[in-house]
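input_13.txt, holding compact mmCIF, C-alpha atoms:
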```txt
# COMPACT_ATOMS: atom_id res chain seq x y z
CA MET A 1 -16.80 46.13 -0.86
CA ALA A 2 -15.31 45.24 -4.18
CA VAL A 3 -13.82 47.84 -6.48
CA ILE A 4 -16.18 48.66 -9.36
CA SER A 5 -14.53 48.53 -12.77
CA ARG A 6 -15.94 51.34 -14.88
CA GLY A 7 -17.65 50.16 -18.03
CA PHE A 8 -17.60 46.47 -17.17
CA GLY A 9 -20.93 44.65 -17.49
CA ARG A 10 -22.56 41.28 -17.09
CA ARG A 11 -22.58 38.74 -19.88
CA ALA A 12 -25.69 36.56 -20.07
CA ARG A 13 -23.81 33.33 -20.71
CA GLU A 14 -22.13 33.43 -17.32
CA SER A 15 -25.24 33.07 -15.18
CA ASP A 16 -25.60 29.30 -14.73
CA PRO A 17 -26.29 28.05 -11.18
CA LYS A 18 -24.12 25.02 -11.90
CA LEU A 19 -21.08 27.31 -12.11
CA PRO A 20 -19.04 27.53 -8.91
CA PRO A 21 -17.94 31.03 -7.89
CA GLY A 22 -15.32 32.62 -10.14
CA GLN A 23 -15.82 30.12 -12.96
CA TYR A 24 -16.98 30.70 -16.53
CA LEU A 25 -18.55 28.30 -19.01
CA THR A 26 -16.56 26.87 -21.86
CA GLU A 27 -17.86 24.78 -24.73
CA ASP A 28 -14.48 23.48 -25.89
CA PHE A 29 -12.10 21.43 -23.77
CA PRO A 30 -8.96 23.39 -22.88
CA VAL A 31 -5.73 21.46 -22.33
CA LEU A 32 -3.57 22.45 -19.38
CA SER A 33 -0.53 20.54 -18.23
CA ALA A 34 2.91 21.33 -16.94
CA GLY A 35 4.95 19.66 -19.65
CA PRO A 36 4.92 17.62 -22.84
CA THR A 37 2.14 15.09 -23.35
CA PRO A 38 3.29 11.52 -22.58
CA ARG A 39 2.05 8.96 -25.09
CA ILE A 40 1.40 5.60 -23.43
CA ASP A 41 0.16 2.55 -25.32
CA THR A 42 -2.53 0.53 -23.59
CA ASP A 43 -0.37 -2.59 -23.81
CA GLN A 44 2.29 -0.79 -21.74
CA TRP A 45 -0.15 0.83 -19.36
CA ALA A 46 -0.47 -0.38 -15.79
CA PHE A 47 -2.06 1.00 -12.65
CA ARG A 48 -1.05 0.10 -9.15
CA ILE A 49 -2.08 0.87 -5.62
CA VAL A 50 0.67 0.73 -3.00
CA THR A 51 -0.12 0.56 0.72
CA GLU A 52 1.88 1.39 3.83
CA LYS A 53 3.03 -2.22 3.98
CA ASN A 54 4.59 -1.64 0.57
CA LEU A 55 2.12 -4.10 -0.91
CA ALA A 56 1.34 -3.29 -4.52
CA THR A 57 -1.75 -4.38 -6.38
CA THR A 58 -1.36 -3.94 -10.14
CA TRP A 59 -3.88 -3.88 -12.98
CA THR A 60 -3.02 -4.12 -16.65
CA TRP A 61 -5.26 -2.54 -19.28
CA ALA A 62 -6.97 -5.90 -19.80
CA ASP A 63 -7.48 -6.23 -16.04
CA LEU A 64 -9.09 -2.79 -15.95
CA MET A 65 -11.40 -3.57 -18.85
CA ALA A 66 -12.56 -6.74 -17.10
CA LEU A 67 -13.84 -4.74 -14.10
CA PRO A 68 -17.32 -3.18 -13.87
CA ILE A 69 -17.33 -0.07 -16.06
CA GLU A 70 -19.49 2.90 -15.14
CA THR A 71 -20.80 5.83 -17.13
CA ILE A 72 -20.25 9.15 -15.39
CA ASP A 73 -22.26 12.28 -16.27
CA THR A 74 -20.68 15.21 -14.51
CA ASP A 75 -19.55 18.83 -14.58
CA ILE A 76 -15.83 19.63 -14.42
CA HIS A 77 -14.12 22.72 -13.05
CA CYS A 78 -10.55 23.89 -13.73
CA VAL A 79 -8.74 26.15 -11.28
CA THR A 80 -7.89 28.38 -14.25
CA ARG A 81 -11.60 29.25 -14.12
CA TRP A 82 -13.21 27.34 -16.97
CA SER A 83 -16.00 24.93 -16.23
CA LYS A 84 -17.52 22.44 -18.59
CA LEU A 85 -21.02 21.20 -17.86
CA GLY A 86 -22.64 17.90 -18.76
CA THR A 87 -19.56 15.89 -19.72
CA THR A 88 -19.82 12.12 -20.12
CA TRP A 89 -17.07 9.68 -19.24
CA ARG A 90 -16.63 5.93 -18.82
CA GLY A 91 -14.34 4.43 -16.26
CA VAL A 92 -13.82 2.15 -13.30
CA SER A 93 -14.75 3.40 -9.84
CA LEU A 94 -11.97 3.72 -7.27
CA ASP A 95 -14.35 1.84 -4.95
CA THR A 96 -13.92 -1.15 -7.24
CA LEU A 97 -10.14 -0.83 -7.30
CA PHE A 98 -9.95 -0.39 -3.52
CA LYS A 99 -12.23 -3.37 -2.75
CA ASP A 100 -9.39 -5.60 -1.55
CA ILE A 101 -6.94 -2.90 -0.45
CA ASP A 102 -6.10 -2.98 3.24
CA THR A 103 -4.86 0.36 4.58
CA ASP A 104 -5.11 2.44 7.72
CA TYR A 105 -3.88 5.57 5.95
CA GLN A 106 -6.40 8.26 5.12
CA PHE A 107 -4.53 10.04 2.33
CA ALA A 108 -3.42 9.19 -1.19
CA MET A 109 -0.93 10.46 -3.73
CA ALA A 110 -1.87 9.90 -7.36
CA HIS A 111 1.06 9.30 -9.73
CA SER A 112 1.24 9.75 -13.49
CA TYR A 113 3.40 8.80 -16.43
CA GLY A 114 5.62 11.85 -16.90
CA GLY A 115 6.10 12.30 -13.14
CA TYR A 116 3.04 14.34 -12.19
CA THR A 117 1.62 13.85 -8.71
CA THR A 118 -1.41 15.14 -6.82
CA ASN A 119 -2.56 14.45 -3.26
CA ILE A 120 -6.15 13.53 -2.41
CA PRO A 121 -7.75 12.38 0.86
CA LEU A 122 -9.21 8.86 0.58
CA ALA A 123 -12.55 10.32 1.64
CA ASP A 124 -12.54 12.26 -1.65
CA LEU A 125 -11.67 9.19 -3.72
CA LEU A 126 -14.07 6.61 -2.30
CA GLY A 127 -17.84 6.49 -1.97
CA GLY A 128 -18.68 6.91 -5.65
CA LYS A 129 -16.58 10.06 -5.97
CA SER A 130 -13.75 9.09 -8.34
CA TRP A 131 -12.88 6.87 -11.28
CA VAL A 132 -10.03 5.79 -13.51
CA ALA A 133 -11.58 7.13 -16.72
CA PHE A 134 -10.58 6.06 -20.22
CA GLU A 135 -13.40 7.37 -22.38
CA PHE A 136 -14.69 10.90 -22.92
CA ASP A 137 -17.75 11.80 -24.94
CA GLY A 138 -17.99 8.30 -26.41
CA LYS A 139 -14.40 8.12 -27.61
CA PRO A 140 -11.13 6.85 -26.17
CA LEU A 141 -9.53 9.58 -24.08
CA GLU A 142 -7.01 11.52 -26.18
CA PRO A 143 -3.41 11.74 -24.94
CA ALA A 144 -3.65 15.52 -24.50
CA HIS A 145 -6.55 14.98 -22.10
CA GLY A 146 -4.75 12.26 -20.17
CA GLY A 147 -5.35 9.17 -22.29
CA PRO A 148 -5.21 6.28 -22.19
CA ALA A 149 -6.52 6.80 -18.65
CA ARG A 150 -6.81 9.60 -16.14
CA LEU A 151 -8.13 9.96 -12.67
CA LEU A 152 -11.55 11.62 -12.61
CA VAL A 153 -12.42 13.39 -9.35
CA PRO A 154 -15.05 15.81 -10.62
CA HIS A 155 -16.04 17.34 -7.29
CA LEU A 156 -12.54 18.84 -6.94
CA TYR A 157 -10.69 21.24 -9.24
CA PHE A 158 -9.50 19.35 -12.27
CA TRP A 159 -5.79 19.39 -11.43
CA LYS A 160 -6.70 16.61 -8.96
CA SER A 161 -7.92 14.49 -11.89
CA ALA A 162 -4.40 13.36 -12.73
CA LYS A 163 -3.81 12.74 -16.44
CA TRP A 164 -1.88 9.65 -17.59
CA VAL A 165 -2.50 8.15 -14.17
CA ASN A 166 -0.52 5.04 -13.32
CA GLY A 167 -1.00 4.58 -9.64
CA ILE A 168 -1.92 5.62 -6.15
CA THR A 169 0.31 5.46 -3.11
CA LEU A 170 -1.35 5.59 0.28
CA GLN A 171 0.25 8.11 2.62
CA LYS A 172 0.00 8.82 6.31
CA ARG A 173 -0.23 12.60 5.94
CA ASP A 174 -1.76 14.81 3.28
CA ASP A 175 1.65 15.56 1.76
CA PRO A 176 1.42 17.92 -1.24
CA GLY A 177 1.73 16.83 -4.87
CA PHE A 178 3.10 18.74 -7.85
CA TRP A 179 0.82 21.78 -8.15
CA GLU A 180 0.21 21.77 -4.42
CA GLN A 181 3.95 22.36 -3.94
CA ASN A 182 3.73 25.11 -6.56
CA GLY A 183 1.03 27.23 -5.06
CA TYR A 184 -2.28 25.39 -5.33
CA ASN A 185 -4.50 24.48 -2.40
CA LEU A 186 -4.03 21.10 -0.71
CA HIS A 187 -7.69 20.14 -1.21
CA GLY A 188 -9.25 22.07 -4.12
CA ASP A 189 -13.02 22.36 -3.60
CA PRO A 190 -14.41 24.55 -6.44
CA TRP A 191 -17.49 25.59 -4.45
CA THR A 192 -15.42 27.17 -1.69
CA GLU A 193 -12.74 28.39 -4.15
CA GLU A 194 -9.89 26.42 -2.62
CA ARG A 195 -7.57 27.58 -5.41
CA TYR A 196 -4.31 28.63 -3.80
CA TRP A 197 -2.41 28.40 -0.55
CA MET B 1 4.24 31.64 -1.04
CA ILE B 2 1.15 32.83 0.75
CA VAL B 3 -1.55 34.30 -1.42
CA GLY B 4 -3.70 36.83 0.31
CA GLY B 5 -7.00 38.30 -0.75
CA TRP B 6 -7.95 40.60 -3.58
CA MET B 7 -5.88 43.76 -3.83
CA PRO B 8 -7.19 46.97 -5.38
CA ALA B 9 -5.26 48.14 -8.41
CA ARG B 10 -5.39 51.20 -10.65
CA VAL B 11 -4.48 51.31 -14.31
CA SER B 12 -1.63 53.77 -14.86
CA THR B 13 -0.79 53.37 -18.54
CA VAL B 14 -2.39 51.69 -21.53
CA THR B 15 -0.36 51.12 -24.69
CA ALA B 16 -1.47 49.51 -27.94
CA SER B 17 0.85 46.62 -28.72
CA THR B 18 -0.79 45.05 -31.78
CA THR B 19 -4.20 45.41 -33.42
CA ASN B 20 -5.66 43.07 -30.80
CA ALA B 21 -3.33 43.45 -27.85
CA ARG B 22 -2.56 46.08 -25.26
CA ILE B 23 0.10 46.53 -22.63
CA LEU B 24 -1.37 47.61 -19.29
CA GLU B 25 0.60 48.98 -16.40
CA ILE B 26 -1.24 48.74 -13.14
CA VAL B 27 -0.28 50.07 -9.74
CA VAL B 28 -0.96 47.62 -6.94
CA PRO B 29 -0.32 49.10 -3.49
CA GLY B 30 1.35 46.42 -1.39
CA TRP B 31 2.28 44.20 -4.34
CA PRO B 32 4.99 41.90 -2.95
CA GLY B 33 6.90 41.63 -6.22
CA ASN B 34 6.97 38.57 -8.42
CA LEU B 35 9.24 36.09 -10.16
CA PRO B 36 9.54 36.15 -13.95
CA GLY B 37 6.89 33.85 -15.44
CA GLN B 38 4.32 34.19 -12.68
CA HIS B 39 0.75 35.28 -13.28
CA LEU B 40 -2.02 36.98 -11.38
CA ASP B 41 -5.79 36.80 -11.24
CA ILE B 42 -7.86 39.80 -12.24
CA ARG B 43 -11.33 40.42 -10.85
CA LEU B 44 -13.70 42.83 -12.52
CA THR B 45 -16.89 43.94 -10.78
CA ALA B 46 -19.81 45.50 -12.63
CA ASP B 47 -21.91 48.19 -10.97
CA ASP B 48 -24.67 45.60 -10.39
CA GLY B 49 -22.24 43.40 -8.44
CA TYR B 50 -21.59 40.88 -11.20
CA GLN B 51 -17.98 39.67 -11.18
CA ALA B 52 -15.65 37.93 -13.59
CA GLU B 53 -12.18 36.59 -12.84
CA ARG B 54 -9.38 35.52 -15.17
CA SER B 55 -5.66 34.79 -15.01
CA TYR B 56 -3.08 36.90 -16.86
CA SER B 57 0.65 36.50 -17.27
CA ILE B 58 2.90 39.22 -15.92
CA ALA B 59 5.45 40.81 -18.25
CA SER B 60 7.40 42.39 -15.38
CA SER B 61 9.16 40.92 -12.37
CA GLY B 62 11.08 41.91 -9.29
CA PRO B 63 10.16 44.36 -6.56
CA GLY B 64 7.90 47.38 -6.94
CA GLU B 65 4.19 48.11 -7.08
CA VAL B 66 3.91 48.66 -10.85
CA VAL B 67 2.90 45.46 -12.61
CA GLU B 68 2.90 45.10 -16.38
CA LEU B 69 0.38 42.90 -18.19
CA GLY B 70 0.22 42.05 -21.87
CA VAL B 71 -3.35 41.27 -22.85
CA ASP B 72 -4.40 39.79 -26.17
CA GLU B 73 -8.08 39.88 -27.05
CA VAL B 74 -9.77 36.49 -27.12
CA PRO B 75 -12.55 36.43 -29.74
CA ASP B 76 -15.93 36.28 -27.98
CA GLY B 77 -14.14 36.64 -24.66
CA GLU B 78 -15.61 38.38 -21.67
CA VAL B 79 -12.71 39.94 -19.78
CA SER B 80 -10.05 40.40 -22.46
CA PRO B 81 -12.19 42.65 -24.74
CA TYR B 82 -12.79 44.89 -21.74
CA LEU B 83 -9.05 45.05 -21.05
CA THR B 84 -8.12 45.60 -24.71
CA GLN B 85 -10.90 48.02 -25.70
CA VAL B 86 -12.53 49.68 -22.72
CA ILE B 87 -10.18 50.13 -19.79
CA GLU B 88 -8.26 53.42 -19.52
CA PRO B 89 -5.73 54.97 -17.16
CA GLY B 90 -7.36 55.72 -13.82
CA ASP B 91 -9.79 52.79 -14.00
CA GLU B 92 -9.80 50.33 -11.13
CA LEU B 93 -9.82 46.58 -10.82
CA GLU B 94 -8.68 43.96 -8.34
CA VAL B 95 -5.83 41.47 -8.52
CA LYS B 96 -4.67 38.45 -6.56
CA GLY B 97 -1.16 37.13 -6.70
CA PRO B 98 1.54 36.59 -7.64
CA LEU B 99 0.57 33.04 -8.60
CA GLY B 100 2.44 29.99 -9.84
CA GLY B 101 5.69 28.52 -8.61
CA TYR B 102 6.63 26.30 -11.53
CA PHE B 103 6.62 28.22 -14.80
CA VAL B 104 9.24 30.61 -13.44
CA TRP B 105 12.88 31.33 -14.12
CA HIS B 106 15.34 31.84 -11.27
CA ALA B 107 18.22 34.15 -12.13
CA ASP B 108 20.67 32.02 -10.14
CA ASP B 109 20.03 28.99 -12.37
CA PRO B 110 22.98 28.82 -14.79
CA SER B 111 21.30 26.35 -17.20
CA PRO B 112 20.84 27.50 -20.79
CA VAL B 113 17.26 28.72 -21.26
CA GLN B 114 15.14 28.11 -24.30
CA LEU B 115 12.05 30.29 -24.65
CA ILE B 116 9.40 29.24 -27.17
CA ALA B 117 6.44 31.56 -27.59
CA GLY B 118 3.36 31.46 -29.75
CA GLY B 119 1.39 34.72 -30.04
CA SER B 120 0.63 36.29 -26.67
CA GLY B 121 2.54 33.44 -25.02
CA ILE B 122 5.47 35.83 -25.27
CA VAL B 123 4.37 37.72 -22.14
CA PRO B 124 5.77 35.49 -19.34
CA LEU B 125 8.80 34.64 -21.49
CA LEU B 126 9.63 38.29 -22.05
CA ALA B 127 9.52 38.69 -18.27
CA MET B 128 12.28 36.07 -18.11
CA ALA B 129 14.38 37.80 -20.80
CA ARG B 130 13.99 41.10 -18.97
CA ALA B 131 14.91 39.46 -15.65
CA ARG B 132 18.12 38.14 -17.22
CA ALA B 133 19.10 41.72 -18.08
CA SER B 134 18.08 43.04 -14.65
CA ALA B 135 20.12 40.36 -12.91
CA ARG B 136 23.13 41.22 -15.14
CA VAL B 137 23.84 37.57 -15.78
CA SER B 138 25.02 36.11 -19.05
CA THR B 139 22.99 32.91 -18.84
CA PRO B 140 22.66 31.56 -22.40
CA PHE B 141 19.15 32.42 -23.64
CA ARG B 142 17.44 31.69 -26.92
CA LEU B 143 13.98 32.81 -27.95
CA LEU B 144 11.86 31.30 -30.68
CA TYR B 145 8.80 33.47 -31.33
CA SER B 146 6.04 32.28 -33.63
CA VAL B 147 3.47 34.83 -34.82
CA ARG B 148 0.95 34.97 -37.63
CA THR B 149 2.44 38.14 -39.10
CA ARG B 150 4.91 40.74 -37.93
CA ALA B 151 1.96 42.97 -37.01
CA ASP B 152 0.74 40.30 -34.59
CA ALA B 153 4.00 40.27 -32.63
CA MET B 154 3.70 41.77 -29.16
CA TYR B 155 6.79 43.67 -27.96
CA ALA B 156 8.27 43.40 -31.46
CA ASP B 157 10.81 46.21 -31.13
CA GLU B 158 11.94 45.13 -27.68
CA ILE B 159 12.40 41.59 -28.93
CA ASP B 160 14.50 42.83 -31.83
CA GLY B 161 16.68 44.54 -29.22
CA LEU B 162 17.30 41.34 -27.28
CA ALA B 163 20.02 40.33 -29.73
CA ALA B 164 22.14 43.22 -28.46
CA GLN B 165 21.92 41.64 -25.00
CA GLY B 166 23.23 38.34 -26.30
CA ILE B 167 19.88 36.59 -26.61
CA GLU B 168 19.49 34.67 -29.85
CA VAL B 169 16.09 35.37 -31.35
CA THR B 170 14.45 33.30 -34.08
CA TRP B 171 11.20 34.50 -35.63
CA ALA B 172 8.69 32.16 -37.21
CA TYR B 173 5.81 33.52 -39.28
CA THR B 174 2.79 31.28 -39.79
CA ARG B 175 0.70 33.42 -42.17
CA GLU B 176 2.76 36.16 -43.77
CA ALA B 177 6.43 37.03 -43.42
CA PRO B 178 7.77 40.57 -43.63
CA ALA B 179 9.29 41.79 -46.89
CA GLY B 180 12.77 40.42 -47.41
CA TRP B 181 12.23 37.46 -45.05
CA ALA B 182 14.58 34.66 -46.05
CA GLY B 183 12.91 31.86 -44.10
CA THR B 184 9.79 29.91 -44.81
CA THR B 185 6.25 30.82 -43.84
CA GLY B 186 3.78 28.46 -42.23
CA ARG B 187 3.44 26.27 -39.18
CA LEU B 188 6.70 25.66 -37.38
CA THR B 189 8.04 22.30 -38.50
CA PRO B 190 9.86 19.98 -36.08
CA GLN B 191 12.94 20.45 -38.26
CA ALA B 192 12.80 24.24 -38.06
CA LEU B 193 12.21 24.06 -34.34
CA ALA B 194 15.12 21.66 -33.81
CA ALA B 195 17.38 23.95 -35.83
CA SER B 196 16.80 26.96 -33.58
CA VAL B 197 16.70 25.50 -30.06
CA TRP B 198 19.58 24.54 -27.79
CA PRO B 199 20.79 21.02 -28.52
CA ALA B 200 19.61 18.37 -26.05
CA ALA B 201 23.24 17.86 -24.99
CA GLU B 202 23.23 21.37 -23.46
CA ASN B 203 20.43 20.18 -21.11
CA PRO B 204 18.48 23.43 -21.49
CA LEU B 205 15.56 24.45 -19.34
CA THR B 206 12.78 25.12 -21.85
CA PHE B 207 9.67 27.23 -21.36
CA VAL B 208 6.91 26.92 -23.96
CA CYS B 209 3.90 29.23 -23.85
CA GLY B 210 1.09 29.88 -26.27
CA PRO B 211 -2.14 28.45 -27.63
CA THR B 212 -2.74 24.75 -26.93
CA GLY B 213 -2.07 23.49 -30.46
CA PHE B 214 1.18 25.40 -30.65
CA VAL B 215 2.37 24.21 -27.25
CA GLU B 216 1.41 20.60 -27.94
CA ALA B 217 3.19 20.59 -31.30
CA SER B 218 6.30 22.33 -29.96
CA ALA B 219 6.60 20.15 -26.86
CA ASP B 220 6.05 17.00 -28.92
CA ALA B 221 8.77 18.10 -31.35
CA LEU B 222 11.19 18.83 -28.50
CA VAL B 223 10.70 15.40 -26.96
CA ALA B 224 10.89 13.68 -30.35
CA GLY B 225 14.13 15.60 -30.92
CA GLY B 226 15.67 14.07 -27.82
CA GLN B 227 15.04 16.81 -25.25
CA ASN B 228 14.47 15.67 -21.69
CA ALA B 229 10.69 15.95 -21.16
CA ALA B 230 11.23 16.75 -17.49
CA ARG B 231 13.11 19.92 -18.53
CA VAL B 232 10.32 21.18 -20.78
CA ARG B 233 7.83 23.37 -18.95
CA THR B 234 4.62 24.37 -20.67
CA GLU B 235 1.88 26.88 -20.17
CA ARG B 236 -1.14 26.70 -22.44
CA PHE B 237 -3.43 29.61 -23.04
CA GLY B 238 -7.10 28.86 -23.05
CA GLY B 239 -10.28 30.59 -22.09
CA ALA B 240 -11.56 34.08 -22.45
```
Represent the structure from my file as structure tokens, please.
Amino acid sequence: MAVISRGFGRRARESDPKLPPGQYLTEDFPVLSAGPTPRIDTDQWAFRIVTEKNLATTWTWADLMALPIETIDTDIHCVTRWSKLGTTWRGVSLDTLFKDIDTDYQFAMAHSYGGYTTNIPLADLLGGKSWVAFEFDGKPLEPAHGGPARLLVPHLYFWKSAKWVNGITLQKRDDPGFWEQNGYNLHGDPWTEERYW
Amino acid sequence: MIVGGWMPARVSTVTASTTNARILEIVVPGWPGNLPGQHLDIRLTADDGYQAERSYSIASSGPGEVVELGVDEVPDGEVSPYLTQVIEPGDELEVKGPLGGYFVWHADDPSPVQLIAGGSGIVPLLAMARARASARVSTPFRLLYSVRTRADAMYADEIDGLAAQGIEVTWAYTREAPAGWAGTTGRLTPQALAASVWPAAENPLTFVCGPTGFVEASADALVAGGQNAARVRTERFGGA
């Protein structure tokens, strides 16, 4: 039985069934990151996937733009408790990027310009579940939100959607990334409130 | 760090800090203590079962079951107006924590520390300044505190007293400076920021906390000024 806080009452705007437990709706787009915002030009940008055989497949910005681009309409949920509903992105599916990748490993570590990392099981990246996104709300993704490109894994808390993403390394175990080493859950499902250790 | 479930807490003292901010002391039986810079989650439950949860920075650190929070009211917020206007000593809530293992200062780290606060972003940084005194270390500390006006400064008197502990404090006023203020008023310029922080050559560990625009501008200025981006830690306030 939870403790009742005297004088605290419900606010109508919080009652949306699309909100996972413990989340509240926000209309703006908060920025949360651990350090300064890296600024990466698209002509410097590259993304690579590295397998257990140390084989790297690399895409330049032009390579990425030449791949099939999808529009993603989705809700996003930050572990700091804001959720934003009905966001629209454009990006390339990880299924597309993984088409010719040969790996037996089941886990991935996403890497970013600036040194950020986050771990994600392959099962949460593939099957139409994640994208390298470069457009938000019809405009190029701003640097503060991870531009030129970020990972978009909307079914997990948003710290998994690594900003300024520049690659994925396959890993044998689900070794923790940056926030996961600093107190956040290894997996991060908003609907079961996998927030912390 | 293992985070358990929700812990009942009782408000022990409530102190007005500014027009829009209050300092709350809560007693949390079984609180394991916390590092300076950590935060906790608060859960409020209405009598019809409705719940709201938010994160708040902790102004205190170390052992003990009394936890100090500095809460600034977010316009049109849901939880902060309750904490700044309604809650009184004796009222109950629930907390989870301590949380966060990155935006923290360890007293055994001898690196010079630069604290940069905007508005209520002072709360976790004050915890670090207090921890320096508790640990009786003479680690070089500087604090740059940007507020709209003097009346908007949380912990103003305590911050004025930090100089006596050897902490260099620089105030920046964005709207209105106090009478007799010799500096400029307005948004902190990269030049003004560079003039008050530790030089890059000192390899300081920098903590920046405040509203998003303030943190973005400050962190950008630090990096442009040659500071090592990997040594600049940021915490951005958002939400309600």
Practice task
Excluding A:Ile76 and residues on its chain fewer than 3 positions from it, collect all residues at most 7 Å away from it, counting all atoms listed in the file, and give them as a PyMOL selection string.
Solution key: chain A and resi 83-85+154+158
Problem - A:Gly86 surroundings by only C-alpha atoms, 7 Å radius, close-in-sequence under 6 positions cut, as a list in words - result: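 The filter keeps Asp73, Thr74 and Asp75 of chain A.
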Problem - Atomic separation - atom CA of B:Glu176 relative to atom CA of B:Asp152, Å - result: 10.3 Å
Enumerate, in order of chain and increasing residue number, the residues of chain A with an atom no farther than 7 Å from chain B, each with its shortest atom pair and distance in Å to one decimal, counting all atoms listed in the file, as a Markdown table.
```
| residue | atom | partner | partner_atom | distance |
| --- | --- | --- | --- | --- |
| A:Ala2 | CA | B:Thr45 | CA | 6.9 |
| A:Val3 | CA | B:Leu93 | CA | 6.0 |
| A:Ile4 | CA | B:Thr45 | CA | 5.0 |
| A:Ser5 | CA | B:Glu92 | CA | 5.3 |
| A:Arg6 | CA | B:Asp91 | CA | 6.4 |
| A:Gly7 | CA | B:Val86 | CA | 7.0 |
| A:Phe8 | CA | B:Ala46 | CA | 5.1 |
| A:Gly9 | CA | B:Ala46 | CA | 5.1 |
| A:Arg10 | CA | B:Tyr50 | CA | 6.0 |
| A:Gly22 | CA | B:Glu53 | CA | 5.7 |
| A:Pro30 | CA | B:Gly238 | CA | 5.8 |
| A:Val31 | CA | B:Thr212 | CA | 6.4 |
| A:Leu32 | CA | B:Arg236 | CA | 5.8 |
| A:Ser33 | CA | B:Thr234 | CA | 6.9 |
| A:Ala34 | CA | B:Thr234 | CA | 5.1 |
| A:Gly35 | CA | B:Arg233 | CA | 4.7 |
| A:Pro36 | CA | B:Ala219 | CA | 5.0 |
| A:Thr80 | CA | B:Ser55 | CA | 6.8 |
| A:Arg81 | CA | B:Arg54 | CA | 6.7 |
| A:Trp82 | CA | B:Gly239 | CA | 6.7 |
| A:Asn182 | CA | B:Gly101 | CA | 4.4 |
| A:Gly183 | CA | B:Gly100 | CA | 5.7 |
| A:Tyr196 | CA | B:Val3 | CA | 6.7 |
| A:Trp197 | CA | B:Ile2 | CA | 5.8 |
```
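Near stretch 11-20 of chain B, within 9 Å and counting only C-alpha atoms, sit B:Glu25, B:Ile26, B:Val27, B:Val28, B:Val66, B:Gly70, B:Val71, B:Asp72, B:Glu73, B:Val74, B:Pro81, B:Thr84, B:Gln85, B:Ile87, B:Glu88, B:Pro89, B:Gly90, B:Asp91, B:Glu92, B:Leu93, B:Ala151, B:Asp152, B:Ala153, B:Met154, B:Tyr155, B:Ala156; same-chain residues fewer than 5 positions away were not included.
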Selection above as a file: C-alpha atoms, as a PDB file, keeping the file's coordinate frame:
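Listed below is the output, result-v5.pdb:
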```
ATOM      1  CA  GLU B  25       0.600  48.980 -16.400  1.00  0.00           C
ATOM      2  CA  ILE B  26      -1.240  48.740 -13.140  1.00  0.00           C
ATOM      3  CA  VAL B  27      -0.280  50.070  -9.740  1.00  0.00           C
ATOM      4  CA  VAL B  28      -0.960  47.620  -6.940  1.00  0.00           C
ATOM      5  CA  VAL B  66       3.910  48.660 -10.850  1.00  0.00           C
ATOM      6  CA  GLY B  70       0.220  42.050 -21.870  1.00  0.00           C
ATOM      7  CA  VAL B  71      -3.350  41.270 -22.850  1.00  0.00           C
ATOM      8  CA  ASP B  72      -4.400  39.790 -26.170  1.00  0.00           C
ATOM      9  CA  GLU B  73      -8.080  39.880 -27.050  1.00  0.00           C
ATOM     10  CA  VAL B  74      -9.770  36.490 -27.120  1.00  0.00           C
ATOM     11  CA  PRO B  81     -12.190  42.650 -24.740  1.00  0.00           C
ATOM     12  CA  THR B  84      -8.120  45.600 -24.710  1.00  0.00           C
ATOM     13  CA  GLN B  85     -10.900  48.020 -25.700  1.00  0.00           C
ATOM     14  CA  ILE B  87     -10.180  50.130 -19.790  1.00  0.00           C
ATOM     15  CA  GLU B  88      -8.260  53.420 -19.520  1.00  0.00           C
ATOM     16  CA  PRO B  89      -5.730  54.970 -17.160  1.00  0.00           C
ATOM     17  CA  GLY B  90      -7.360  55.720 -13.820  1.00  0.00           C
ATOM     18  CA  ASP B  91      -9.790  52.790 -14.000  1.00  0.00           C
ATOM     19  CA  GLU B  92      -9.800  50.330 -11.130  1.00  0.00           C
ATOM     20  CA  LEU B  93      -9.820  46.580 -10.820  1.00  0.00           C
ATOM     21  CA  ALA B 151       1.960  42.970 -37.010  1.00  0.00           C
ATOM     22  CA  ASP B 152       0.740  40.300 -34.590  1.00  0.00           C
ATOM     23  CA  ALA B 153       4.000  40.270 -32.630  1.00  0.00           C
ATOM     24  CA  MET B 154       3.700  41.770 -29.160  1.00  0.00           C
ATOM     25  CA  TYR B 155       6.790  43.670 -27.960  1.00  0.00           C
ATOM     26  CA  ALA B 156       8.270  43.400 -31.460  1.00  0.00           C
TER      27      ALA B 156
END
```
As a CSV table (one decimal) with C-alpha atoms, in the coordinates of the input, please: the residues near stretch 142-147 of chain A (cut-off 8 Å, all atoms listed in the file, same-chain neighbours under 5 positions excluded).
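And here is the file that came out, around.csv:
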```csv
chain,number,residue,atom,x,y,z
A,31,VAL,CA,-5.7,21.5,-22.3
A,37,THR,CA,2.1,15.1,-23.4
A,38,PRO,CA,3.3,11.5,-22.6
A,39,ARG,CA,2.0,9.0,-25.1
A,40,ILE,CA,1.4,5.6,-23.4
A,134,PHE,CA,-10.6,6.1,-20.2
A,162,ALA,CA,-4.4,13.4,-12.7
A,163,LYS,CA,-3.8,12.7,-16.4
A,164,TRP,CA,-1.9,9.6,-17.6
A,165,VAL,CA,-2.5,8.2,-14.2
B,216,GLU,CA,1.4,20.6,-27.9
```
Practice task
One decimal, Å: what's the distance from atom CA of B:Asp109 over to atom CA of B:Leu205, could you say?
Solution key: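 Value for the atom CA of B:Asp109-atom CA of B:Leu205 distance: 9.4 Å.
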Practice task
Please provide as a list in words all residues within 12 Å of B:Glu202, with the sequence filter that same-chain residues fewer than 5 positions apart are discarded (counting only C-alpha atoms).
Solution key: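 The filter keeps Pro110, Ser111, Pro112, Val113, Gln114, Pro140, Phe141, Val197, Gly226, Gln227, Asn228 and Arg231 of chain B.
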